[in-house]
file target.txt (compact mmCIF, C-alpha atoms)
# COMPACT_ATOMS: atom_id res chain seq x y z
CA MET A 1 0.00 0.00 0.00
CA ALA A 2 1.64 3.19 -1.23
CA PHE A 3 -0.24 5.49 1.14
CA SER A 4 1.83 5.37 4.36
CA TYR A 5 0.46 6.07 7.83
CA PRO A 6 2.44 9.32 8.33
CA ARG A 7 0.86 10.63 5.17
CA LYS A 8 -2.58 9.57 6.32
CA GLN A 9 -2.02 11.29 9.65
CA THR A 10 -1.03 14.48 7.84
CA VAL A 11 -4.20 14.34 5.75
CA ILE A 12 -6.34 13.74 8.83
CA ILE A 13 -4.68 16.62 10.73
CA PHE A 14 -5.23 18.88 7.71
CA ILE A 15 -8.91 17.89 7.52
CA VAL A 16 -9.33 18.43 11.27
CA CYS A 17 -7.91 21.94 11.00
CA ILE A 18 -10.13 22.85 8.04
CA VAL A 19 -13.24 21.35 9.59
CA ALA A 20 -12.52 22.90 12.99
CA VAL A 21 -12.23 26.40 11.56
CA GLY A 22 -15.17 25.96 9.21
CA ALA A 23 -17.43 24.32 11.77
CA THR A 24 -16.66 26.92 14.43
CA ALA A 25 -17.26 29.76 12.01
CA TYR A 26 -20.52 28.14 10.92
CA TYR A 27 -21.64 27.75 14.54
CA VAL A 28 -20.75 31.33 15.52
CA LEU A 29 -21.65 33.22 12.34
CA GLY A 30 -23.74 30.90 10.21
CA ASP A 31 -27.25 31.78 11.36
CA LYS A 32 -26.45 35.49 11.75
CA SER A 33 -24.87 35.88 8.32
CA ASP A 34 -27.77 34.08 6.65
CA ALA A 35 -30.24 36.29 8.45
CA ILE A 36 -28.38 39.47 7.46
CA SER A 37 -28.01 38.40 3.82
CA ASN A 38 -31.71 37.56 3.63
CA GLY A 39 -32.74 40.80 5.29
CA LYS A 40 -34.20 39.01 8.31
CA ILE A 41 -32.45 41.12 10.96
CA GLU A 42 -34.18 44.43 11.43
CA VAL A 43 -33.28 47.45 13.57
CA LEU A 44 -35.57 47.63 16.57
CA THR A 45 -37.38 50.90 17.08
CA ALA A 46 -38.49 52.46 20.30
CA THR A 47 -42.15 52.21 19.31
CA ALA A 48 -43.79 49.04 20.50
CA PRO A 49 -46.41 47.48 18.21
CA GLU A 50 -50.01 47.93 19.25
CA ALA A 51 -51.13 44.98 21.36
CA THR A 52 -54.02 42.98 19.99
CA PRO A 53 -56.07 41.18 22.63
CA ILE A 54 -56.57 37.49 22.06
CA ILE A 55 -60.07 37.72 23.52
CA SER A 56 -62.16 40.83 23.03
CA ALA A 57 -64.33 42.31 25.77
CA ASN A 58 -67.72 41.37 24.42
CA ASP A 59 -70.43 38.84 25.05
CA ASN A 60 -68.84 36.27 22.71
CA TRP A 61 -65.74 35.80 24.87
CA LYS A 62 -66.46 32.10 25.43
CA GLU A 63 -66.68 31.38 21.69
CA GLU A 64 -63.52 33.40 21.05
CA PHE A 65 -61.69 31.55 23.84
CA VAL A 66 -62.57 28.19 22.23
CA ASN A 67 -61.47 29.42 18.81
CA ALA A 68 -58.20 30.81 20.21
CA SER A 69 -57.45 27.54 21.97
CA ALA A 70 -58.12 25.55 18.82
CA LEU A 71 -55.87 27.87 16.82
CA THR A 72 -53.06 27.45 19.36
CA LYS A 73 -53.34 23.64 19.28
CA ALA A 74 -53.36 23.62 15.47
CA SER A 75 -50.29 25.86 15.40
CA VAL A 76 -48.37 23.59 17.76
CA LYS A 77 -49.47 20.49 15.86
CA ASN A 78 -48.32 21.92 12.52
CA THR A 79 -44.97 23.14 13.80
CA PRO A 80 -42.24 20.93 12.31
CA PRO A 81 -39.83 19.31 14.77
CA PRO A 82 -36.40 20.96 15.05
CA GLU A 83 -33.77 19.57 12.71
CA GLU A 84 -31.24 17.26 14.33
CA ALA A 85 -27.83 18.89 14.63
CA THR A 86 -25.21 17.58 12.20
CA LEU A 87 -21.95 16.14 13.44
CA THR A 88 -20.24 19.23 12.01
CA GLY A 89 -22.58 21.49 13.95
CA ARG A 90 -22.03 19.60 17.19
CA PHE A 91 -18.27 19.60 16.63
CA GLY A 92 -18.28 23.35 15.96
CA SER A 93 -20.31 23.96 19.10
CA ASP A 94 -18.02 21.83 21.27
CA PHE A 95 -14.91 23.36 19.72
CA PHE A 96 -16.22 26.89 20.34
CA ILE A 97 -17.18 26.10 23.95
CA LYS A 98 -13.73 24.62 24.61
CA TYR A 99 -12.06 27.67 23.09
CA ILE A 100 -14.08 30.12 25.20
CA GLY A 101 -13.48 28.05 28.32
CA LEU A 102 -9.73 28.01 27.79
CA GLN A 103 -9.73 31.73 27.05
CA GLN A 104 -11.72 32.63 30.15
CA SER A 105 -9.56 30.42 32.37
CA GLY A 106 -6.36 31.92 30.99
CA GLN A 107 -5.15 28.52 29.71
CA LEU A 108 -5.37 29.27 26.00
CA SER A 109 -1.66 30.10 25.87
CA ASN A 110 -0.76 26.77 27.49
CA ALA A 111 -0.02 24.65 24.42
CA ALA A 112 -0.19 21.31 26.23
CA ILE A 113 -3.57 21.98 27.85
CA ALA A 114 -5.05 23.53 24.71
CA THR A 115 -3.87 20.65 22.53
CA GLN A 116 -5.29 18.06 24.93
CA ASN A 117 -8.66 19.83 25.01
CA TYR A 118 -8.85 20.03 21.23
CA GLU A 119 -7.83 16.38 20.89
CA ASP A 120 -10.65 15.50 23.29
CA VAL A 121 -13.12 17.34 21.06
CA VAL A 122 -11.88 15.45 18.01
CA ASP A 123 -11.99 12.10 19.84
CA ASN A 124 -15.55 12.78 20.99
CA ALA A 125 -16.55 13.62 17.42
CA LEU A 126 -15.03 10.40 16.10
CA ALA A 127 -16.79 8.38 18.79
CA ALA A 128 -20.15 10.10 18.35
CA GLU A 129 -21.23 7.78 15.53
CA GLN A 130 -20.12 4.19 15.20
CA PRO A 131 -20.73 1.31 12.76
CA ILE A 132 -23.00 -1.59 13.59
CA LEU A 133 -20.92 -4.27 15.26
CA TYR A 134 -22.25 -7.83 15.15
CA LYS A 135 -21.82 -10.44 17.86
CA LEU A 136 -21.48 -14.20 17.92
CA LYS A 137 -25.23 -14.60 18.30
CA ASP A 138 -25.66 -12.96 14.88
CA VAL A 139 -23.59 -15.66 13.15
CA HIS A 140 -24.87 -19.06 11.94
CA VAL A 141 -22.62 -21.24 14.09
CA VAL A 142 -22.53 -25.03 13.50
CA PRO A 143 -20.60 -27.83 15.27
CA ASP A 144 -17.13 -28.63 13.98
CA SER A 145 -18.19 -32.28 13.76
CA ILE A 146 -20.46 -31.68 10.79
CA PRO A 147 -18.95 -33.36 7.68
CA ASN A 148 -17.10 -30.93 5.39
CA ALA A 149 -17.94 -28.04 7.71
CA LEU A 150 -14.83 -26.03 6.81
CA GLU A 151 -15.23 -26.73 3.10
CA THR A 152 -18.83 -25.48 3.27
CA TRP A 153 -17.67 -22.41 5.19
CA LYS A 154 -15.01 -21.68 2.59
CA THR A 155 -17.56 -21.98 -0.21
CA GLY A 156 -19.87 -19.53 1.58
CA ILE A 157 -17.08 -17.00 2.05
CA VAL A 158 -16.03 -17.23 -1.59
CA ARG A 159 -19.62 -16.76 -2.70
CA ALA A 160 -20.14 -13.76 -0.40
CA LEU A 161 -16.91 -12.04 -1.44
CA SER A 162 -17.78 -12.51 -5.12
CA LEU A 163 -20.37 -9.78 -4.49
CA TYR A 164 -17.51 -7.27 -4.17
CA THR A 165 -17.63 -6.04 -7.76
CA TRP A 166 -16.55 -2.37 -7.68
CA THR A 167 -13.13 -1.30 -8.90
CA GLN A 168 -12.93 2.04 -7.07
CA ASN A 169 -13.31 2.23 -3.30
CA GLU A 170 -15.39 4.81 -1.48
CA GLY A 171 -12.36 6.80 -0.30
CA MET A 172 -11.12 7.19 -3.86
CA ILE A 173 -14.56 8.32 -5.00
CA ALA A 174 -14.82 10.89 -2.19
CA ARG A 175 -11.37 12.25 -3.00
CA ASP A 176 -12.36 12.50 -6.67
CA ALA A 177 -15.52 14.41 -5.71
CA VAL A 178 -13.50 16.89 -3.65
CA GLU A 179 -10.86 17.37 -6.34
CA ARG A 180 -13.51 17.95 -9.01
CA GLN A 181 -15.67 19.98 -6.61
CA ASP A 182 -18.58 17.92 -7.89
CA PRO A 183 -20.86 16.37 -5.22
CA ASP A 184 -22.65 14.31 -7.87
CA VAL A 185 -19.58 12.07 -8.01
CA LEU A 186 -20.53 10.84 -4.52
CA LYS A 187 -23.56 9.09 -6.04
CA LYS A 188 -21.14 6.36 -7.15
CA ILE A 189 -20.92 5.33 -3.48
CA THR A 190 -24.60 4.31 -3.33
CA PRO A 191 -24.17 0.91 -5.08
CA ILE A 192 -21.11 0.25 -2.88
CA ILE A 193 -23.23 0.70 0.25
CA SER A 194 -25.79 -1.68 -1.23
CA GLY A 195 -23.03 -4.13 -2.11
CA TYR A 196 -21.77 -4.17 1.47
CA SER A 197 -25.30 -4.98 2.67
CA LYS A 198 -25.42 -7.99 0.35
CA ILE A 199 -21.99 -9.22 1.46
CA ILE A 200 -22.90 -8.91 5.15
CA ALA A 201 -26.19 -10.75 4.62
CA ALA A 202 -24.43 -13.54 2.71
CA LEU A 203 -21.79 -13.97 5.41
CA LYS A 204 -24.34 -14.00 8.21
CA SER A 205 -26.25 -16.81 6.49
CA THR A 206 -23.11 -18.90 5.87
CA PRO A 207 -22.69 -21.79 8.35
CA ALA A 208 -19.52 -21.15 10.34
CA PRO A 209 -17.91 -24.00 12.27
CA GLU A 210 -17.52 -23.22 15.95
CA SER A 211 -13.72 -23.15 15.73
CA VAL A 212 -13.79 -20.26 13.23
CA SER A 213 -16.95 -18.52 14.41
CA LEU A 214 -15.07 -15.57 15.95
CA THR A 215 -13.14 -15.12 12.70
CA MET A 216 -16.50 -14.98 10.94
CA VAL A 217 -17.67 -12.25 13.33
CA ASP A 218 -14.49 -10.28 12.63
CA LEU A 219 -15.00 -10.62 8.88
CA ILE A 220 -18.60 -9.42 9.06
CA ASN A 221 -17.67 -6.47 11.28
CA ALA A 222 -14.89 -5.49 8.88
CA PHE A 223 -17.43 -5.10 6.09
CA SER A 224 -19.88 -3.37 8.43
CA THR A 225 -17.18 -0.82 9.31
CA LEU A 226 -16.39 -0.27 5.64
CA GLN A 227 -20.08 0.21 4.92
CA PHE A 228 -20.29 2.81 7.70
CA SER A 229 -17.28 4.54 6.18
CA ALA A 230 -18.96 4.58 2.77
CA GLN A 231 -22.12 6.09 4.29
CA SER A 232 -20.02 8.76 6.00
CA PHE A 233 -18.09 9.60 2.83
CA LYS A 234 -21.37 9.97 0.94
CA ALA A 235 -22.61 12.53 3.49
CA ILE A 236 -19.60 14.89 3.43
CA THR A 237 -21.31 17.59 1.36
CA ALA A 238 -24.10 18.02 3.91
CA ASP A 239 -21.95 17.24 6.95
CA PRO A 240 -18.22 17.85 6.31
CA MET A 241 -17.13 16.47 9.68
CA ARG A 242 -18.31 13.05 8.52
CA GLY A 243 -15.27 13.05 6.24
CA MET A 244 -12.93 12.67 9.20
CA VAL A 245 -15.15 9.94 10.63
CA ALA A 246 -15.09 8.21 7.24
CA ILE A 247 -11.28 8.26 7.01
CA ASN A 248 -10.93 6.89 10.53
CA SER A 249 -13.52 4.14 9.88
CA TYR A 250 -12.03 3.21 6.53
CA THR A 251 -8.58 2.77 8.03
CA THR A 252 -10.04 0.61 10.80
CA GLY A 253 -12.23 -1.41 8.42
CA SER A 254 -9.54 -2.13 5.83
CA LYS A 255 -7.12 -3.30 8.55
CA ALA A 256 -9.81 -5.51 10.08
CA LEU A 257 -10.63 -6.99 6.67
CA MET A 258 -7.01 -7.90 5.99
CA ASN A 259 -6.63 -9.50 9.43
CA ALA A 260 -9.89 -11.46 9.13
CA LEU A 261 -9.00 -12.78 5.68
CA GLN A 262 -5.57 -13.84 6.91
CA ASP A 263 -7.10 -15.62 9.93
CA ALA A 264 -9.63 -17.39 7.69
CA GLY A 265 -6.91 -18.44 5.27
CA ASN A 266 -4.72 -19.76 8.07
CA ALA A 267 -7.57 -21.77 9.62
CA LEU A 268 -8.44 -23.33 6.28
CA ASP A 269 -4.80 -23.97 5.41
CA GLU A 270 -4.32 -25.93 8.63
CA ALA A 271 -7.23 -28.13 7.59
CA GLY A 272 -5.78 -28.60 4.10
CA VAL A 273 -8.42 -26.38 2.45
CA ASP A 274 -7.26 -23.70 0.01
CA LEU A 275 -8.98 -20.29 0.09
CA GLN A 276 -9.08 -18.48 -3.25
CA VAL A 277 -11.27 -15.36 -3.19
CA ASN A 278 -12.30 -12.61 -5.57
CA SER A 279 -9.16 -10.66 -6.56
CA LEU A 280 -11.00 -7.32 -6.25
CA VAL A 281 -11.61 -7.77 -2.54
CA MET A 282 -7.89 -8.41 -2.06
CA ASP A 283 -6.93 -5.22 -3.88
CA VAL A 284 -9.52 -2.43 -4.08
CA PRO A 285 -10.15 -1.91 -0.33
CA PHE A 286 -6.46 -1.30 0.23
CA ARG A 287 -5.92 1.36 -2.42
CA TYR A 288 -5.32 4.92 -1.23
call {"tool": "encode", "arguments": {"input": "target.txt", "output": "structure tokens"}}
result
Amino acid sequence: MAFSYPRKQTVIIFIVCIVAVGATAYYVLGDKSDAISNGKIEVLTATAPEATPIISANDNWKEEFVNASALTKASVKNTPPPEEATLTGRFGSDFFIKYIGLQQSGQLSNAAIATQNYEDVVDNALAAEQPILYKLKDVHVVPDSIPNALETWKTGIVRALSLYTWTQNEGMIARDAVERQDPDVLKKITPIISGYSKIIAALKSTPAPESVSLTMVDLINAFSTLQFSAQSFKAITADPMRGMVAINSYTTGSKALMNALQDAGNALDEAGVDLQVNSLVMDVPFRY
């Protein structure tokens, strides 16, 4: 793999810096700038608007009270729920709060303390959303004593991995979208996400002998992590912070996939069974 870890760390640090500045600026100025540009912020005058009573002083006050109550209920019912904050928005908020806290406590000039606080914000952002992780109970485990159990397991793995048909991984597509400044390129990730779902379903339905059941869990979780990464990459235009989550998840998922495939190959090799899988799955996930 030509993309070394120091280089990946540099890319991640660069993305963190860009996202941190952008997210903080969005949190502090975003709503105000939009309101100013749209003419929504007006200068308040000293003259208060004339108050309009909800219920007039006449004999029909009961009818008006009922109508006013119904109007209030209808208004509340038709009010849309507030939009859920994006990861970028939450990161910007947390980053801004940390910055103000350090400034007010006089610790902003302490490089060690400031760095630790900012690293905590980044770590919290990365941990805020996680892939689905499967457990042993989610795997179709069978006794080792079943005839040809390992051979059947190998056949199931080969069949599942044959569903990996794309020649460009999600990280490459996201990078291409950023370089071209064309969010439509991210649509290429949609069939990849669907492909991961099919692979996971196929692996979960494959009978795994008890002796290799944990390896099967690791293999499924590797693809689940890669799928989560693909979903995060696809969302970077609406939620830029998801890009950092995607890079972190992709690194974790590709490592886990390599380890799981090696463990599966070793287990089968010890039993005299040869594992030959789709060449794409041994190449494309590890391109950078």
call {"tool": "residues_around", "arguments": {"input": "target.txt", "residues": "segment 158-168 of chain A", "least_positions_apart": "6", "cutoff": "9 Å", "atoms": "all atoms listed in the file", "output": "list in words"}}
result
Pro191, Ile192, Gly195, Tyr196, Lys198, Ile199, Ile200, Ala201, Ala202, Leu203, Thr206, Leu275, Gln276, Val277, Asn278, Ser279, Leu280, Val281, Asp283, Val284, Pro285 and Arg287 of chain A
call {"tool": "residues_around", "arguments": {"input": "target.txt", "residues": "Asp176 of chain A", "least_positions_apart": "5", "cutoff": "12 Å", "atoms": "all atoms listed in the file", "output": "list in words"}}
result
Gln168, Asn169, Glu170, Gly171, Gln181, Asp182, Pro183, Asp184, Val185, Leu186, Lys187, Lys188, Ile189, Phe233 and Tyr288 of chain A
call {"tool": "residues_around", "arguments": {"input": "target.txt", "residues": "Ala112 of chain A", "least_positions_apart": "6", "cutoff": "12 Å", "atoms": "only C-alpha atoms", "output": "count of residues only"}}
result
3
call {"tool": "residues_around", "arguments": {"input": "target.txt", "residues": "Gly101 of chain A", "least_positions_apart": "5", "cutoff": "12 Å", "atoms": "all atoms listed in the file", "output": "PyMOL selection string"}}
result
chain A and resi 94-96+106-108+113-114+117-118
call {"tool": "residues_around", "arguments": {"input": "target.txt", "residues": "segment 238-248 of chain A", "least_positions_apart": "5", "cutoff": "6 Å", "atoms": "only C-alpha atoms", "output": "ChimeraX atom specification"}}
result
/A:88,126,229,232-233
call {"tool": "atom_distance", "arguments": {"input": "target.txt", "atom1": "atom CA of Ser213 of chain A", "atom2": "atom CA of Met258 of chain A"}}
result
16.8 Å
call {"tool": "atom_distance", "arguments": {"input": "target.txt", "atom1": "atom CA of Ser197 of chain A", "atom2": "atom CA of Val178 of chain A"}}
result
25.6 Å
call {"tool": "closest_residue", "arguments": {"input": "target.txt", "among": "A:Ile157, A:Ala260, A:Leu150, A:Ala174", "to": "Asn221 of chain A", "atoms": "all atoms listed in the file"}}
result
A:Ala260
call {"tool": "atom_distance", "arguments": {"input": "target.txt", "atom1": "atom CA of Phe286 of chain A", "atom2": "atom CA of Gly253 of chain A"}}
result
10.0 Å
call {"tool": "axis_aligned_box", "arguments": {"input": "target.txt", "around": "segment 168-181 of chain A", "padding_each_side": "5 Å", "output": "AutoDock Vina command-line options"}}
result
--center_x -13.3 --center_y 11.0 --center_z -4.7 --size_x 14.8 --size_y 27.9 --size_z 18.7
call {"tool": "closest_residue", "arguments": {"input": "target.txt", "among": "A:Ala149, A:Leu257, A:Thr237, A:Val217", "to": "Val273 of chain A", "atoms": "all atoms listed in the file"}}
result
A:Ala149
call {"tool": "closest_residue", "arguments": {"input": "target.txt", "among": "A:Ser205, A:Ser194, A:Asn124, A:Asn110", "to": "Thr152 of chain A", "atoms": "all atoms listed in the file"}}
result
A:Ser205
call {"tool": "closest_residue", "arguments": {"input": "target.txt", "among": "A:Ser105, A:Gln130, A:Ser145, A:Ser254", "to": "Pro209 of chain A", "atoms": "only C-alpha atoms"}}
result
A:Ser145
